Amino acid sequence: MAQRSNDGPAEVVVLTGSDQQAVTGSCVFLGLDVNDDAASTVHLHIHNGTDNTGPLIAAADPSSGGHDELWFGPGGVKCDGGIFVDVITGTPSGSIFYR
């Protein structure tokens, strides 16, 4: 689990391919970059919090074998509870960007 930095450029957390607590504590979600490398159907949700019951702040659904990116910077989305990645289907690869 990544910890938030105080200032500066975006931090990066690599997706593990399954559900994960990407960032602990208060942070700003800036975006994501996700791939569907296995040509399966990848669908994931990004939540503010420590599990998939926190508010949904973003979703990605790249086409089979495709790529999806979302960017909310420079302001981003404030996440007081951290960032939780909920993999609904598939095995995504890629990264989460936060500050």
# chains A, B, ... in the order shown; residues from 1 in each chain; ligands from 1
call {"tool": "residues_around", "arguments": {"residues": "region 27-36 of chain A", "least_positions_apart": "5", "cutoff": "10 Å", "atoms": "only C-alpha atoms", "output": "PyMOL selection string"}}
result
chain A and resi 3-6+10-15+41-44+46-48+57-83+90-99
call {"tool": "select_by_dssp", "arguments": {"residues": "chain A", "states": "strand (DSSP E)", "output": "JSON, numbers by chain"}}
result
{"A": [2, 3, 11, 12, 13, 14, 20, 21, 22, 23, 24, 27, 28, 29, 30, 31, 32, 33, 34, 35, 43, 44, 45, 46, 47, 48, 56, 57, 58, 59, 60, 67, 68, 69, 70, 71, 77, 78, 79, 83, 84, 85, 86, 87, 88, 89, 93, 94, 95, 96, 97, 98]}
call {"tool": "residues_around", "arguments": {"residues": "Gln21 (chain A)", "least_positions_apart": "5", "cutoff": "8 Å", "atoms": "only C-alpha atoms", "output": "list in words"}}
result
Met1, Thr50, Asp51, Gly82, Ile83, Phe84 and Val85 of chain A
call {"tool": "write_last_selection", "arguments": {"atoms": "N, CA and C atoms", "output": "CSV table (one decimal), in the first residue's frame"}}
result
chain,number,residue,atom,x,y,z
A,1,MET,N,0.8,-1.2,0.0
A,1,MET,CA,0.0,0.0,0.0
A,1,MET,C,0.9,1.2,0.0
A,50,THR,N,-11.6,2.3,1.9
A,50,THR,CA,-10.8,1.1,2.1
A,50,THR,C,-11.4,-0.1,1.6
A,51,ASP,N,-12.6,0.0,0.9
A,51,ASP,CA,-13.2,-1.2,0.3
A,51,ASP,C,-14.1,-0.7,-0.8
A,82,GLY,N,-8.6,7.3,1.2
A,82,GLY,CA,-7.7,6.5,0.4
A,82,GLY,C,-8.3,6.1,-0.9
A,83,ILE,N,-7.6,5.3,-1.6
A,83,ILE,CA,-8.1,4.8,-2.9
A,83,ILE,C,-8.1,3.3,-3.0
A,84,PHE,N,-9.3,2.7,-3.2
A,84,PHE,CA,-9.5,1.3,-3.3
A,84,PHE,C,-9.8,0.9,-4.7
A,85,VAL,N,-9.1,-0.1,-5.3
A,85,VAL,CA,-9.4,-0.6,-6.7
A,85,VAL,C,-10.1,-1.9,-6.5
call {"tool": "atom_distance", "arguments": {"atom1": "CA of Pro55 (chain A)", "atom2": "CA of Asp86 (chain A)"}}
result
11.8 Å
call {"tool": "atom_distance", "arguments": {"atom1": "CA of His45 (chain A)", "atom2": "CA of Val87 (chain A)"}}
result
6.5 Å
call {"tool": "atom_distance", "arguments": {"atom1": "CA of Asp19 (chain A)", "atom2": "CA of Asn52 (chain A)"}}
result
9.1 Å
call {"tool": "decode", "arguments": {"residues": "region 32-96 of chain A", "atoms": "C-alpha atoms", "output": "mmCIF file, in the first residue's frame"}}
result
data_model
loop_
_atom_site.group_PDB
_atom_site.id
_atom_site.type_symbol
_atom_site.label_atom_id
_atom_site.label_comp_id
_atom_site.auth_asym_id
_atom_site.auth_seq_id
_atom_site.Cartn_x
_atom_site.Cartn_y
_atom_site.Cartn_z
ATOM 1 C CA LEU A 32 -5.492 5.948 -14.104
ATOM 2 C CA ASP A 33 -4.113 4.056 -17.049
ATOM 3 C CA VAL A 34 -5.394 0.501 -17.488
ATOM 4 C CA ASN A 35 -4.820 -2.220 -20.078
ATOM 5 C CA ASP A 36 -6.698 -5.370 -20.954
ATOM 6 C CA ASP A 37 -3.548 -7.340 -21.857
ATOM 7 C CA ALA A 38 -5.087 -10.789 -21.661
ATOM 8 C CA ALA A 39 -7.806 -9.935 -24.212
ATOM 9 C CA SER A 40 -10.388 -10.707 -21.557
ATOM 10 C CA THR A 41 -13.089 -8.363 -20.396
ATOM 11 C CA VAL A 42 -11.583 -6.002 -17.818
ATOM 12 C CA HIS A 43 -13.864 -3.808 -15.759
ATOM 13 C CA LEU A 44 -12.778 -2.007 -12.602
ATOM 14 C CA HIS A 45 -14.128 0.562 -10.152
ATOM 15 C CA ILE A 46 -12.127 3.107 -8.164
ATOM 16 C CA HIS A 47 -13.554 3.959 -4.733
ATOM 17 C CA ASN A 48 -12.793 6.589 -2.101
ATOM 18 C CA GLY A 49 -12.138 4.470 0.970
ATOM 19 C CA THR A 50 -10.799 1.148 2.135
ATOM 20 C CA ASP A 51 -13.172 -1.176 0.285
ATOM 21 C CA ASN A 52 -15.779 -1.287 -2.470
ATOM 22 C CA THR A 53 -18.485 0.297 -0.312
ATOM 23 C CA GLY A 54 -16.904 3.772 -0.448
ATOM 24 C CA PRO A 55 -18.092 6.342 -2.984
ATOM 25 C CA LEU A 56 -17.386 5.373 -6.594
ATOM 26 C CA ILE A 57 -15.091 7.997 -8.141
ATOM 27 C CA ALA A 58 -14.136 6.386 -11.463
ATOM 28 C CA ALA A 59 -14.577 3.275 -13.588
ATOM 29 C CA ALA A 60 -12.603 1.792 -16.467
ATOM 30 C CA ASP A 61 -13.782 -0.689 -19.066
ATOM 31 C CA PRO A 62 -11.181 -1.022 -21.827
ATOM 32 C CA SER A 63 -12.187 -2.962 -24.901
ATOM 33 C CA SER A 64 -10.900 -6.520 -25.233
ATOM 34 C CA GLY A 65 -7.132 -6.251 -25.654
ATOM 35 C CA GLY A 66 -7.456 -2.451 -25.397
ATOM 36 C CA HIS A 67 -6.463 0.483 -23.257
ATOM 37 C CA ASP A 68 -8.347 3.065 -21.161
ATOM 38 C CA GLU A 69 -7.076 6.181 -19.438
ATOM 39 C CA LEU A 70 -8.780 8.746 -17.244
ATOM 40 C CA TRP A 71 -7.299 12.038 -16.091
ATOM 41 C CA PHE A 72 -8.856 14.277 -13.437
ATOM 42 C CA GLY A 73 -5.760 16.438 -12.867
ATOM 43 C CA PRO A 74 -4.521 18.885 -11.974
ATOM 44 C CA GLY A 75 -7.302 19.361 -9.402
ATOM 45 C CA GLY A 76 -8.260 15.709 -9.107
ATOM 46 C CA VAL A 77 -10.791 14.160 -6.754
ATOM 47 C CA LYS A 78 -10.221 14.426 -2.996
ATOM 48 C CA CYS A 79 -10.290 11.000 -1.328
ATOM 49 C CA ASP A 80 -10.303 11.313 2.453
ATOM 50 C CA GLY A 81 -10.417 7.536 2.897
ATOM 51 C CA GLY A 82 -7.695 6.537 0.427
ATOM 52 C CA ILE A 83 -8.110 4.824 -2.941
ATOM 53 C CA PHE A 84 -9.463 1.290 -3.313
ATOM 54 C CA VAL A 85 -9.356 -0.552 -6.658
ATOM 55 C CA ASP A 86 -12.212 -3.028 -7.111
ATOM 56 C CA VAL A 87 -11.594 -5.395 -10.023
ATOM 57 C CA ILE A 88 -15.030 -6.463 -11.220
ATOM 58 C CA THR A 89 -13.851 -8.714 -14.062
ATOM 59 C CA GLY A 90 -10.617 -9.619 -15.841
ATOM 60 C CA THR A 91 -6.994 -9.047 -14.860
ATOM 61 C CA PRO A 92 -6.062 -5.412 -15.475
ATOM 62 C CA SER A 93 -2.554 -4.028 -15.697
ATOM 63 C CA GLY A 94 -1.639 -0.385 -15.444
ATOM 64 C CA SER A 95 -1.321 2.358 -12.842
ATOM 65 C CA ILE A 96 -3.172 4.715 -10.512
#
